[in-house]
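Asker: My questions will all concern the structure given below.
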Protein chains: 2
Amino acid sequence: MSQLLYEGKAKKMFTTDDPNVLRVEYKNDATAFNGQKKASFEGKGRLNNAICTKIFKMLQQKNVPTHYIETISETEQLVKAVSIVPIEVVVRNVVAGSLSKRLGVDEGVTLARTIVEFYYKSDELGDPMINTDHALAMEIATKDELAEIRRLALDVNDALQAFFSEAGILLVDFKLEFGKLKATGEIVLADEISPDSCRLWDKETHEKLDKDVFRRNIADLPETYEKLLKRLEDVK
Amino acid sequence: MSQLLYEGKAKKMFTTDDPNVLRVEYKNDATAFNGQKKASFEGKGRLNNAICTKIFKMLQQKNVPTHYIETISETEQLVKAVSIVPIEVVVRNVVAGSLSKRLGVDEGVTLARTIVEFYYKSDELGDPMINTDHALAMEIATKDELAEIRRLALDVNDALQAFFSEAGILLVDFKLEFGKLKATGEIVLADEISPDSCRLWDKETHEKLDKDVFRRNIADLPETYEKLLKRLEDVK
Ligand SMILES: Nc1ncnc2c1ncn2[C@@H]1O[C@H](COP(=O)(O)OP(=O)(O)O)[C@@H](O)[C@H]1O
Ligand SMILES: Nc1ncnc2c1ncn2[C@@H]1O[C@H](COP(=O)(O)OP(=O)(O)O)[C@@H](O)[C@H]1O
Ligand SMILES: [Mg+2]
Ligand SMILES: [Mg+2]
């Protein structure tokens, strides 16, 4: 018996016969600006599932703990059920998007040091930026959990930078979510890593290979994601 | 020879014959919402100077390093010249103002843990909230300086809470600025601590004794500040 547990903006989460396992279905929907801009693109679910699968497999090989179990169809994965820590963790290597506005620094400037940001995952509040003290005072996570999340986020950054670099791609920034395994409380990487949640630029031309093509009406989304997948597949 | 070095929203800073010493003049101007709301109040400069003097003397007695030297007139202090770290440090014990909006928590809720926030001091950018990584990547301060600033901010909080408590006043939140002494680079508390930069509520009635009476048109500003000064003077 499989029940729809949650339908989000980009994915559906279903129960499976195993209470510790969920089925994720990647939808064709794209949203931006906290859901204000919406569209649907034939092939998006398939492309994100394929790209995310490649990335989760790569991370597993590098011993990063993730919720990923296996990919069971063109648009579906099985993942470990977790209780999501309601923090969107953003890792930034190059200035873009909201950071450019916040600090008054031009997009494209390489940061002297990687920046990790926490956003409180709350659609009603518009995902406000928070710091460690806010997370602790609100009891969103413990001090140890926050330290582990930061450590894992930086490990993921190292792994992703190397991975994309081989495909000639610059990892500008990305968003992660972490969860706690129901059984042990262990923190693992959850949700997705895809062009929906990363900024990826061609190293030479700075051509965008991510959801900014949709946010900013720059190019066709499925064509862009297809191009990205092709480049990742071409890496030996 | 004394020259106007800088005229800010609430104070003027003058040079003195000693390059390591500045003269601060407290103005009668009040501003709110990043300068959008403005007014001038007879007596405000005198009241803030008197209140701030009491607080800096109290902090000195508790061995908190500050820029304060002495009060030389009703509206003037001498202070050590520092190079200001461009971070507004906000310390919060009770939810109010922007934190209430950010986290969707009612004003007046006591925090489970004190929150320290950093805002990048930049009128053009609207003083955006930043975290430690932003400060380090932007080279606004070093890691050691940020740790020292946090430690001092929490020490100031302990001292201020005890001080105001004796006057029957709840210290809701406050803003600090720190600077580096020109000679040694030592971090000291600079700028001011006054009802302009604190939220202070009567413990029993929650009557506001700070600049929120001006921001929110609740009561007369000089009358409120006079009442606060009187209560601080009445403490033995
Ligand atoms: N392993 C997991 N276990 C439980 N929930 C998960 C897991 N991985 C991701 N989630 C959650 O499932 C939802 C995925 O759907 P998505 O369309 O991304 O939602 P949203 O609109 O909230 O971003 C998210 O709320 C995410 O936090
Ligand atoms: N000891 C000091 N040495 C040098 N500058 C200082 C010192 N103390 C405070 N300042 C700076 O002087 C200015 C004080 O004036 P103020 O009216 O508060 O300015 P603002 O409008 O920037 O808040 C602030 O910019 C503050 O950072
Ligand atoms: Mg999502
Ligand atoms: Mg000021």
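Simple scheme: letters A, B, ... for chains in structure tokens order, numbers from 1 for residues in each chain, numbers from 1 for ligands in the order shown.
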Would you pick out the contacts of range 64-81 of chain B at 8 Å or less, using only C-alpha atoms, so that residues sharing its chain but fewer than 3 positions from it are not included, and give the list as a ChimeraX atom specification?

Answerer: /B:19-27,45-46,49-50,53,56,59-61,152,155-156,181-182,187-191

Asker: Quick one: which residues from chain A are at most 12 Å off chain B, using only C-alpha atoms, as a PDB file with N, CA, C and O atoms, in the first residue's frame?

Answerer:
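Dumped to selection13.pdb:
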```pdb
ATOM      1  N   VAL A  90      22.279  26.766   2.632  1.00  0.00           N
ATOM      2  CA  VAL A  90      22.800  27.270   1.359  1.00  0.00           C
ATOM      3  C   VAL A  90      24.321  27.391   1.475  1.00  0.00           C
ATOM      4  O   VAL A  90      24.827  27.959   2.446  1.00  0.00           O
ATOM      5  N   VAL A  91      25.018  26.811   0.504  1.00  0.00           N
ATOM      6  CA  VAL A  91      26.484  26.895   0.462  1.00  0.00           C
ATOM      7  C   VAL A  91      26.862  27.711  -0.766  1.00  0.00           C
ATOM      8  O   VAL A  91      26.334  27.467  -1.858  1.00  0.00           O
ATOM      9  N   ARG A  92      27.757  28.673  -0.581  1.00  0.00           N
ATOM     10  CA  ARG A  92      28.089  29.603  -1.669  1.00  0.00           C
ATOM     11  C   ARG A  92      29.595  29.690  -1.888  1.00  0.00           C
ATOM     12  O   ARG A  92      30.339  29.945  -0.936  1.00  0.00           O
ATOM     13  N   ASN A  93      30.004  29.512  -3.132  1.00  0.00           N
ATOM     14  CA  ASN A  93      31.409  29.697  -3.507  1.00  0.00           C
ATOM     15  C   ASN A  93      31.620  30.980  -4.299  1.00  0.00           C
ATOM     16  O   ASN A  93      32.709  31.551  -4.284  1.00  0.00           O
ATOM     17  N   VAL A  94      30.588  31.382  -5.013  1.00  0.00           N
ATOM     18  CA  VAL A  94      30.637  32.565  -5.882  1.00  0.00           C
ATOM     19  C   VAL A  94      29.386  33.392  -5.573  1.00  0.00           C
ATOM     20  O   VAL A  94      28.316  32.834  -5.311  1.00  0.00           O
ATOM     21  N   VAL A  95      29.512  34.709  -5.588  1.00  0.00           N
ATOM     22  CA  VAL A  95      28.363  35.585  -5.282  1.00  0.00           C
ATOM     23  C   VAL A  95      27.310  35.493  -6.391  1.00  0.00           C
ATOM     24  O   VAL A  95      27.644  35.587  -7.580  1.00  0.00           O
ATOM     25  N   SER A  98      20.481  36.316  -4.062  1.00  0.00           N
ATOM     26  CA  SER A  98      20.173  37.142  -2.892  1.00  0.00           C
ATOM     27  C   SER A  98      21.435  37.640  -2.189  1.00  0.00           C
ATOM     28  O   SER A  98      21.421  38.711  -1.578  1.00  0.00           O
ATOM     29  N   LEU A  99      22.531  36.890  -2.260  1.00  0.00           N
ATOM     30  CA  LEU A  99      23.762  37.347  -1.595  1.00  0.00           C
ATOM     31  C   LEU A  99      24.303  38.610  -2.258  1.00  0.00           C
ATOM     32  O   LEU A  99      24.835  39.496  -1.584  1.00  0.00           O
ATOM     33  N   SER A 100      24.157  38.682  -3.576  1.00  0.00           N
ATOM     34  CA  SER A 100      24.611  39.855  -4.319  1.00  0.00           C
ATOM     35  C   SER A 100      23.865  41.090  -3.830  1.00  0.00           C
ATOM     36  O   SER A 100      24.462  42.151  -3.585  1.00  0.00           O
ATOM     37  N   LYS A 101      22.540  40.948  -3.629  1.00  0.00           N
ATOM     38  CA  LYS A 101      21.732  42.073  -3.131  1.00  0.00           C
ATOM     39  C   LYS A 101      22.074  42.373  -1.678  1.00  0.00           C
ATOM     40  O   LYS A 101      22.209  43.529  -1.288  1.00  0.00           O
ATOM     41  N   ARG A 102      22.197  41.311  -0.853  1.00  0.00           N
ATOM     42  CA  ARG A 102      22.432  41.515   0.583  1.00  0.00           C
ATOM     43  C   ARG A 102      23.716  42.285   0.840  1.00  0.00           C
ATOM     44  O   ARG A 102      23.742  43.207   1.639  1.00  0.00           O
ATOM     45  N   LEU A 103      24.789  41.891   0.127  1.00  0.00           N
ATOM     46  CA  LEU A 103      26.106  42.468   0.434  1.00  0.00           C
ATOM     47  C   LEU A 103      26.547  43.533  -0.562  1.00  0.00           C
ATOM     48  O   LEU A 103      27.617  44.137  -0.391  1.00  0.00           O
ATOM     49  N   GLY A 104      25.730  43.762  -1.602  1.00  0.00           N
ATOM     50  CA  GLY A 104      26.116  44.765  -2.576  1.00  0.00           C
ATOM     51  C   GLY A 104      27.373  44.393  -3.344  1.00  0.00           C
ATOM     52  O   GLY A 104      28.187  45.250  -3.684  1.00  0.00           O
ATOM     53  N   VAL A 105      27.522  43.094  -3.601  1.00  0.00           N
ATOM     54  CA  VAL A 105      28.683  42.598  -4.360  1.00  0.00           C
ATOM     55  C   VAL A 105      28.164  42.025  -5.684  1.00  0.00           C
ATOM     56  O   VAL A 105      27.129  41.356  -5.716  1.00  0.00           O
ATOM     57  N   VAL A 109      31.479  37.279  -8.512  1.00  0.00           N
ATOM     58  CA  VAL A 109      32.695  37.470  -7.718  1.00  0.00           C
ATOM     59  C   VAL A 109      32.950  36.215  -6.871  1.00  0.00           C
ATOM     60  O   VAL A 109      32.053  35.737  -6.168  1.00  0.00           O
ATOM     61  N   THR A 110      34.152  35.660  -6.987  1.00  0.00           N
ATOM     62  CA  THR A 110      34.506  34.487  -6.192  1.00  0.00           C
ATOM     63  C   THR A 110      34.733  34.899  -4.745  1.00  0.00           C
ATOM     64  O   THR A 110      35.435  35.871  -4.469  1.00  0.00           O
ATOM     65  N   LEU A 111      34.126  34.163  -3.822  1.00  0.00           N
ATOM     66  CA  LEU A 111      34.252  34.484  -2.399  1.00  0.00           C
ATOM     67  C   LEU A 111      35.620  34.067  -1.879  1.00  0.00           C
ATOM     68  O   LEU A 111      36.153  33.020  -2.260  1.00  0.00           O
ATOM     69  N   ALA A 112      36.180  34.878  -0.981  1.00  0.00           N
ATOM     70  CA  ALA A 112      37.477  34.575  -0.374  1.00  0.00           C
ATOM     71  C   ALA A 112      37.380  33.303   0.468  1.00  0.00           C
ATOM     72  O   ALA A 112      38.393  32.645   0.740  1.00  0.00           O
ATOM     73  N   ARG A 113      36.149  32.956   0.849  1.00  0.00           N
ATOM     74  CA  ARG A 113      35.906  31.840   1.744  1.00  0.00           C
ATOM     75  C   ARG A 113      34.492  31.350   1.475  1.00  0.00           C
ATOM     76  O   ARG A 113      33.609  32.160   1.211  1.00  0.00           O
ATOM     77  N   THR A 114      34.273  30.052   1.512  1.00  0.00           N
ATOM     78  CA  THR A 114      32.931  29.509   1.316  1.00  0.00           C
ATOM     79  C   THR A 114      32.005  30.011   2.416  1.00  0.00           C
ATOM     80  O   THR A 114      32.380  30.066   3.581  1.00  0.00           O
ATOM     81  N   ILE A 115      30.786  30.383   2.020  1.00  0.00           N
ATOM     82  CA  ILE A 115      29.783  30.859   2.978  1.00  0.00           C
ATOM     83  C   ILE A 115      28.689  29.807   3.136  1.00  0.00           C
ATOM     84  O   ILE A 115      28.172  29.302   2.139  1.00  0.00           O
ATOM     85  N   VAL A 116      28.367  29.472   4.371  1.00  0.00           N
ATOM     86  CA  VAL A 116      27.223  28.612   4.667  1.00  0.00           C
ATOM     87  C   VAL A 116      26.140  29.480   5.306  1.00  0.00           C
ATOM     88  O   VAL A 116      26.422  30.216   6.256  1.00  0.00           O
ATOM     89  N   GLU A 117      24.931  29.415   4.749  1.00  0.00           N
ATOM     90  CA  GLU A 117      23.804  30.177   5.305  1.00  0.00           C
ATOM     91  C   GLU A 117      22.701  29.220   5.740  1.00  0.00           C
ATOM     92  O   GLU A 117      22.485  28.195   5.089  1.00  0.00           O
ATOM     93  N   PHE A 118      21.996  29.577   6.788  1.00  0.00           N
ATOM     94  CA  PHE A 118      20.824  28.805   7.226  1.00  0.00           C
ATOM     95  C   PHE A 118      19.572  29.636   6.970  1.00  0.00           C
ATOM     96  O   PHE A 118      19.528  30.816   7.333  1.00  0.00           O
ATOM     97  N   TYR A 119      18.567  29.013   6.369  1.00  0.00           N
ATOM     98  CA  TYR A 119      17.252  29.636   6.218  1.00  0.00           C
ATOM     99  C   TYR A 119      16.232  28.744   6.909  1.00  0.00           C
ATOM    100  O   TYR A 119      16.245  27.531   6.714  1.00  0.00           O
ATOM    101  N   TYR A 120      15.376  29.350   7.700  1.00  0.00           N
ATOM    102  CA  TYR A 120      14.328  28.601   8.396  1.00  0.00           C
ATOM    103  C   TYR A 120      13.276  28.206   7.359  1.00  0.00           C
ATOM    104  O   TYR A 120      12.672  29.068   6.714  1.00  0.00           O
ATOM    105  N   LYS A 121      13.085  26.892   7.169  1.00  0.00           N
ATOM    106  CA  LYS A 121      12.181  26.376   6.127  1.00  0.00           C
ATOM    107  C   LYS A 121      10.739  26.619   6.545  1.00  0.00           C
ATOM    108  O   LYS A 121      10.156  25.844   7.308  1.00  0.00           O
ATOM    109  N   SER A 122      10.168  27.714   6.069  1.00  0.00           N
ATOM    110  CA  SER A 122       8.791  28.067   6.406  1.00  0.00           C
ATOM    111  C   SER A 122       8.228  28.928   5.289  1.00  0.00           C
ATOM    112  O   SER A 122       8.597  30.094   5.130  1.00  0.00           O
ATOM    113  N   ASP A 123       7.325  28.326   4.479  1.00  0.00           N
ATOM    114  CA  ASP A 123       6.740  29.062   3.354  1.00  0.00           C
ATOM    115  C   ASP A 123       5.997  30.303   3.836  1.00  0.00           C
ATOM    116  O   ASP A 123       6.090  31.367   3.216  1.00  0.00           O
ATOM    117  N   GLU A 124       5.283  30.202   4.987  1.00  0.00           N
ATOM    118  CA  GLU A 124       4.528  31.363   5.508  1.00  0.00           C
ATOM    119  C   GLU A 124       5.460  32.538   5.819  1.00  0.00           C
ATOM    120  O   GLU A 124       5.120  33.691   5.595  1.00  0.00           O
ATOM    121  N   LEU A 125       6.631  32.227   6.398  1.00  0.00           N
ATOM    122  CA  LEU A 125       7.555  33.298   6.775  1.00  0.00           C
ATOM    123  C   LEU A 125       8.477  33.685   5.612  1.00  0.00           C
ATOM    124  O   LEU A 125       9.274  34.619   5.746  1.00  0.00           O
ATOM    125  N   GLY A 126       8.371  32.979   4.492  1.00  0.00           N
ATOM    126  CA  GLY A 126       9.224  33.292   3.338  1.00  0.00           C
ATOM    127  C   GLY A 126      10.664  32.841   3.536  1.00  0.00           C
ATOM    128  O   GLY A 126      11.599  33.489   3.058  1.00  0.00           O
ATOM    129  N   ASP A 127      10.854  31.706   4.245  1.00  0.00           N
ATOM    130  CA  ASP A 127      12.198  31.136   4.456  1.00  0.00           C
ATOM    131  C   ASP A 127      13.209  32.194   4.918  1.00  0.00           C
ATOM    132  O   ASP A 127      14.193  32.470   4.217  1.00  0.00           O
ATOM    133  N   PRO A 128      13.012  32.795   6.080  1.00  0.00           N
ATOM    134  CA  PRO A 128      13.934  33.850   6.538  1.00  0.00           C
ATOM    135  C   PRO A 128      15.322  33.317   6.864  1.00  0.00           C
ATOM    136  O   PRO A 128      15.466  32.192   7.346  1.00  0.00           O
ATOM    137  N   MET A 129      16.339  34.121   6.611  1.00  0.00           N
ATOM    138  CA  MET A 129      17.689  33.739   7.022  1.00  0.00           C
ATOM    139  C   MET A 129      17.765  33.749   8.549  1.00  0.00           C
ATOM    140  O   MET A 129      17.197  34.640   9.195  1.00  0.00           O
ATOM    141  N   ILE A 130      18.449  32.778   9.096  1.00  0.00           N
ATOM    142  CA  ILE A 130      18.661  32.726  10.547  1.00  0.00           C
ATOM    143  C   ILE A 130      20.127  32.425  10.813  1.00  0.00           C
ATOM    144  O   ILE A 130      20.858  32.035   9.900  1.00  0.00           O
ATOM    145  N   ASN A 131      20.529  32.591  12.064  1.00  0.00           N
ATOM    146  CA  ASN A 131      21.876  32.175  12.441  1.00  0.00           C
ATOM    147  C   ASN A 131      21.785  31.026  13.457  1.00  0.00           C
ATOM    148  O   ASN A 131      20.684  30.556  13.783  1.00  0.00           O
ATOM    149  N   THR A 132      22.918  30.579  13.929  1.00  0.00           N
ATOM    150  CA  THR A 132      22.961  29.441  14.855  1.00  0.00           C
ATOM    151  C   THR A 132      22.159  29.726  16.126  1.00  0.00           C
ATOM    152  O   THR A 132      21.441  28.853  16.620  1.00  0.00           O
ATOM    153  N   ASP A 133      22.277  30.946  16.647  1.00  0.00           N
ATOM    154  CA  ASP A 133      21.533  31.298  17.863  1.00  0.00           C
ATOM    155  C   ASP A 133      20.021  31.192  17.665  1.00  0.00           C
ATOM    156  O   ASP A 133      19.305  30.714  18.541  1.00  0.00           O
ATOM    157  N   HIS A 134      19.523  31.682  16.514  1.00  0.00           N
ATOM    158  CA  HIS A 134      18.084  31.560  16.236  1.00  0.00           C
ATOM    159  C   HIS A 134      17.671  30.094  16.245  1.00  0.00           C
ATOM    160  O   HIS A 134      16.650  29.730  16.840  1.00  0.00           O
ATOM    161  N   ALA A 135      18.463  29.258  15.568  1.00  0.00           N
ATOM    162  CA  ALA A 135      18.119  27.832  15.468  1.00  0.00           C
ATOM    163  C   ALA A 135      18.088  27.192  16.855  1.00  0.00           C
ATOM    164  O   ALA A 135      17.202  26.387  17.156  1.00  0.00           O
ATOM    165  N   LEU A 136      19.035  27.562  17.708  1.00  0.00           N
ATOM    166  CA  LEU A 136      19.091  26.986  19.055  1.00  0.00           C
ATOM    167  C   LEU A 136      17.944  27.511  19.920  1.00  0.00           C
ATOM    168  O   LEU A 136      17.271  26.736  20.605  1.00  0.00           O
ATOM    169  N   ALA A 137      17.709  28.827  19.877  1.00  0.00           N
ATOM    170  CA  ALA A 137      16.649  29.417  20.711  1.00  0.00           C
ATOM    171  C   ALA A 137      15.279  28.880  20.305  1.00  0.00           C
ATOM    172  O   ALA A 137      14.415  28.664  21.154  1.00  0.00           O
ATOM    173  N   MET A 138      15.084  28.658  19.003  1.00  0.00           N
ATOM    174  CA  MET A 138      13.800  28.121  18.505  1.00  0.00           C
ATOM    175  C   MET A 138      13.748  26.598  18.622  1.00  0.00           C
ATOM    176  O   MET A 138      12.761  25.987  18.223  1.00  0.00           O
ATOM    177  N   GLU A 139      14.837  26.006  19.095  1.00  0.00           N
ATOM    178  CA  GLU A 139      14.941  24.545  19.206  1.00  0.00           C
ATOM    179  C   GLU A 139      14.646  23.840  17.880  1.00  0.00           C
ATOM    180  O   GLU A 139      13.979  22.806  17.831  1.00  0.00           O
ATOM    181  N   ILE A 140      15.168  24.426  16.802  1.00  0.00           N
ATOM    182  CA  ILE A 140      15.057  23.834  15.472  1.00  0.00           C
ATOM    183  C   ILE A 140      16.037  22.673  15.363  1.00  0.00           C
ATOM    184  O   ILE A 140      15.799  21.693  14.662  1.00  0.00           O
ATOM    185  N   ARG A 150      26.694  21.516   9.290  1.00  0.00           N
ATOM    186  CA  ARG A 150      27.686  22.396   8.655  1.00  0.00           C
ATOM    187  C   ARG A 150      28.840  21.581   8.076  1.00  0.00           C
ATOM    188  O   ARG A 150      29.275  21.809   6.951  1.00  0.00           O
TER     189      ARG A 150
END
```

Asker: Write out as an MDAnalysis selection string all residues of range 134-231 of chain B that backbone DSSP assigns to strand (DSSP E).

Answerer: chainID B and resid 169:181 187:190 198:202

Asker: One decimal, in Å: what's the spacing between CA of Ala167 in chain B and atom 1 (Mg, counted along the ligand's line) of ligand 4?

Answerer: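 Going from CA of Ala167 in chain B over to atom 1 (Mg, counted along the ligand's line) of ligand 4, I get 25.2 Å.
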
Asker: Could you please extract the residues within 7 Å of ligand 3, counting only C-alpha atoms and all ligand atoms, and hand them back as a list in words?

Answerer: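 Here is the list of contacting residues: Gly8, Lys9, Ala10 and Asp191 of chain A.
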
Asker: Quick one: which chain B residues come within 10 Å of ligand 4, and what is the nearest atom pair for each with the distance in Å to one decimal, counting only C-alpha atoms and all ligand atoms, rows ordered by chain and ascending number, as JSON lines?

Answerer:
```
{"residue": "B:Glu7", "atom": "CA", "partner": "ligand 4", "partner_atom_place_in_ligand_line": "1 (Mg)", "distance": 9.9}
{"residue": "B:Gly8", "atom": "CA", "partner": "ligand 4", "partner_atom_place_in_ligand_line": "1 (Mg)", "distance": 6.5}
{"residue": "B:Lys9", "atom": "CA", "partner": "ligand 4", "partner_atom_place_in_ligand_line": "1 (Mg)", "distance": 6.3}
{"residue": "B:Ala10", "atom": "CA", "partner": "ligand 4", "partner_atom_place_in_ligand_line": "1 (Mg)", "distance": 6.1}
{"residue": "B:Lys11", "atom": "CA", "partner": "ligand 4", "partner_atom_place_in_ligand_line": "1 (Mg)", "distance": 7.2}
{"residue": "B:Lys12", "atom": "CA", "partner": "ligand 4", "partner_atom_place_in_ligand_line": "1 (Mg)", "distance": 9.9}
{"residue": "B:Thr31", "atom": "CA", "partner": "ligand 4", "partner_atom_place_in_ligand_line": "1 (Mg)", "distance": 9.8}
{"residue": "B:Glu88", "atom": "CA", "partner": "ligand 4", "partner_atom_place_in_ligand_line": "1 (Mg)", "distance": 9.3}
{"residue": "B:Lys121", "atom": "CA", "partner": "ligand 4", "partner_atom_place_in_ligand_line": "1 (Mg)", "distance": 9.7}
{"residue": "B:Lys175", "atom": "CA", "partner": "ligand 4", "partner_atom_place_in_ligand_line": "1 (Mg)", "distance": 9.4}
{"residue": "B:Leu176", "atom": "CA", "partner": "ligand 4", "partner_atom_place_in_ligand_line": "1 (Mg)", "distance": 9.3}
{"residue": "B:Glu177", "atom": "CA", "partner": "ligand 4", "partner_atom_place_in_ligand_line": "1 (Mg)", "distance": 8.6}
{"residue": "B:Asp191", "atom": "CA", "partner": "ligand 4", "partner_atom_place_in_ligand_line": "1 (Mg)", "distance": 6.9}
{"residue": "B:Glu192", "atom": "CA", "partner": "ligand 4", "partner_atom_place_in_ligand_line": "1 (Mg)", "distance": 7.6}
{"residue": "B:Ile193", "atom": "CA", "partner": "ligand 4", "partner_atom_place_in_ligand_line": "1 (Mg)", "distance": 9.9}
{"residue": "B:Asp196", "atom": "CA", "partner": "ligand 4", "partner_atom_place_in_ligand_line": "1 (Mg)", "distance": 8.7}
{"residue": "B:Ser197", "atom": "CA", "partner": "ligand 4", "partner_atom_place_in_ligand_line": "1 (Mg)", "distance": 8.2}
```

Asker: Using Å and a single decimal, report how far CA of Cys52 in chain B sits from CA of His206 in chain B.

Answerer: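 Atom-to-atom, CA of His206 in chain B and CA of Cys52 in chain B are spaced 21.8 Å apart.
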
Asker: In Å, with one decimal, what is the gap from CA of Gln36 in chain A to CA of Arg199 in chain A?

Answerer: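 These atoms are spaced 19.7 Å apart.
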
Asker: Restricting the calculation to only C-alpha atoms and all ligand atoms, which member of B:Ala162, B:Ile149, B:Gln3, B:Phe178 is positioned closest to ligand 2?

Answerer: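 Ranked by minimum distance to ligand 2, first place goes to B:Phe178.
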
Asker: As a list in words, please: the residues near Pro222 in chain A (cut-off 12 Å, only C-alpha atoms, same-chain neighbours under 3 positions excluded).

Answerer: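 Those residues are Asn28, Asp29, Ala30, Ala39, Ser40, Phe41, Glu42, Gly43, Lys44, Gly45, Arg46, Leu47, Asn48, Pro195, Asp196, Leu209, Asp210, Lys211, Val213, Phe214, Ala219, Tyr225, Glu226, Lys227, Leu228 and Leu229 of chain A.
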
Asker: Pick out each residue of range 7-224 of chain B that DSSP on the backbone tags as alpha helix (DSSP H); I need them as number ranges by chain.

Answerer: B: 44-61, 97-103, 132-137, 143-166, 212-215, 221-224

Asker: With distances taken over only C-alpha atoms and all ligand atoms, which of A:Ala96, A:Ile55, A:Met13, A:Cys198 is nearest to ligand 1?

Answerer: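 Answer, going by the shortest atom-to-atom distance: A:Met13.
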
Asker: Between A:Val82, A:Ser2, A:Lys37, A:Asn63, which has the minimum distance to ligand 1 (counting only C-alpha atoms and all ligand atoms)?

Answerer: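 Closest candidate: A:Val82.
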
Asker: Between B:Gly185, B:Gly108, B:Gly97, B:Gly35, which is the closest to ligand 2 once you count only C-alpha atoms and all ligand atoms?

Answerer: B:Gly35
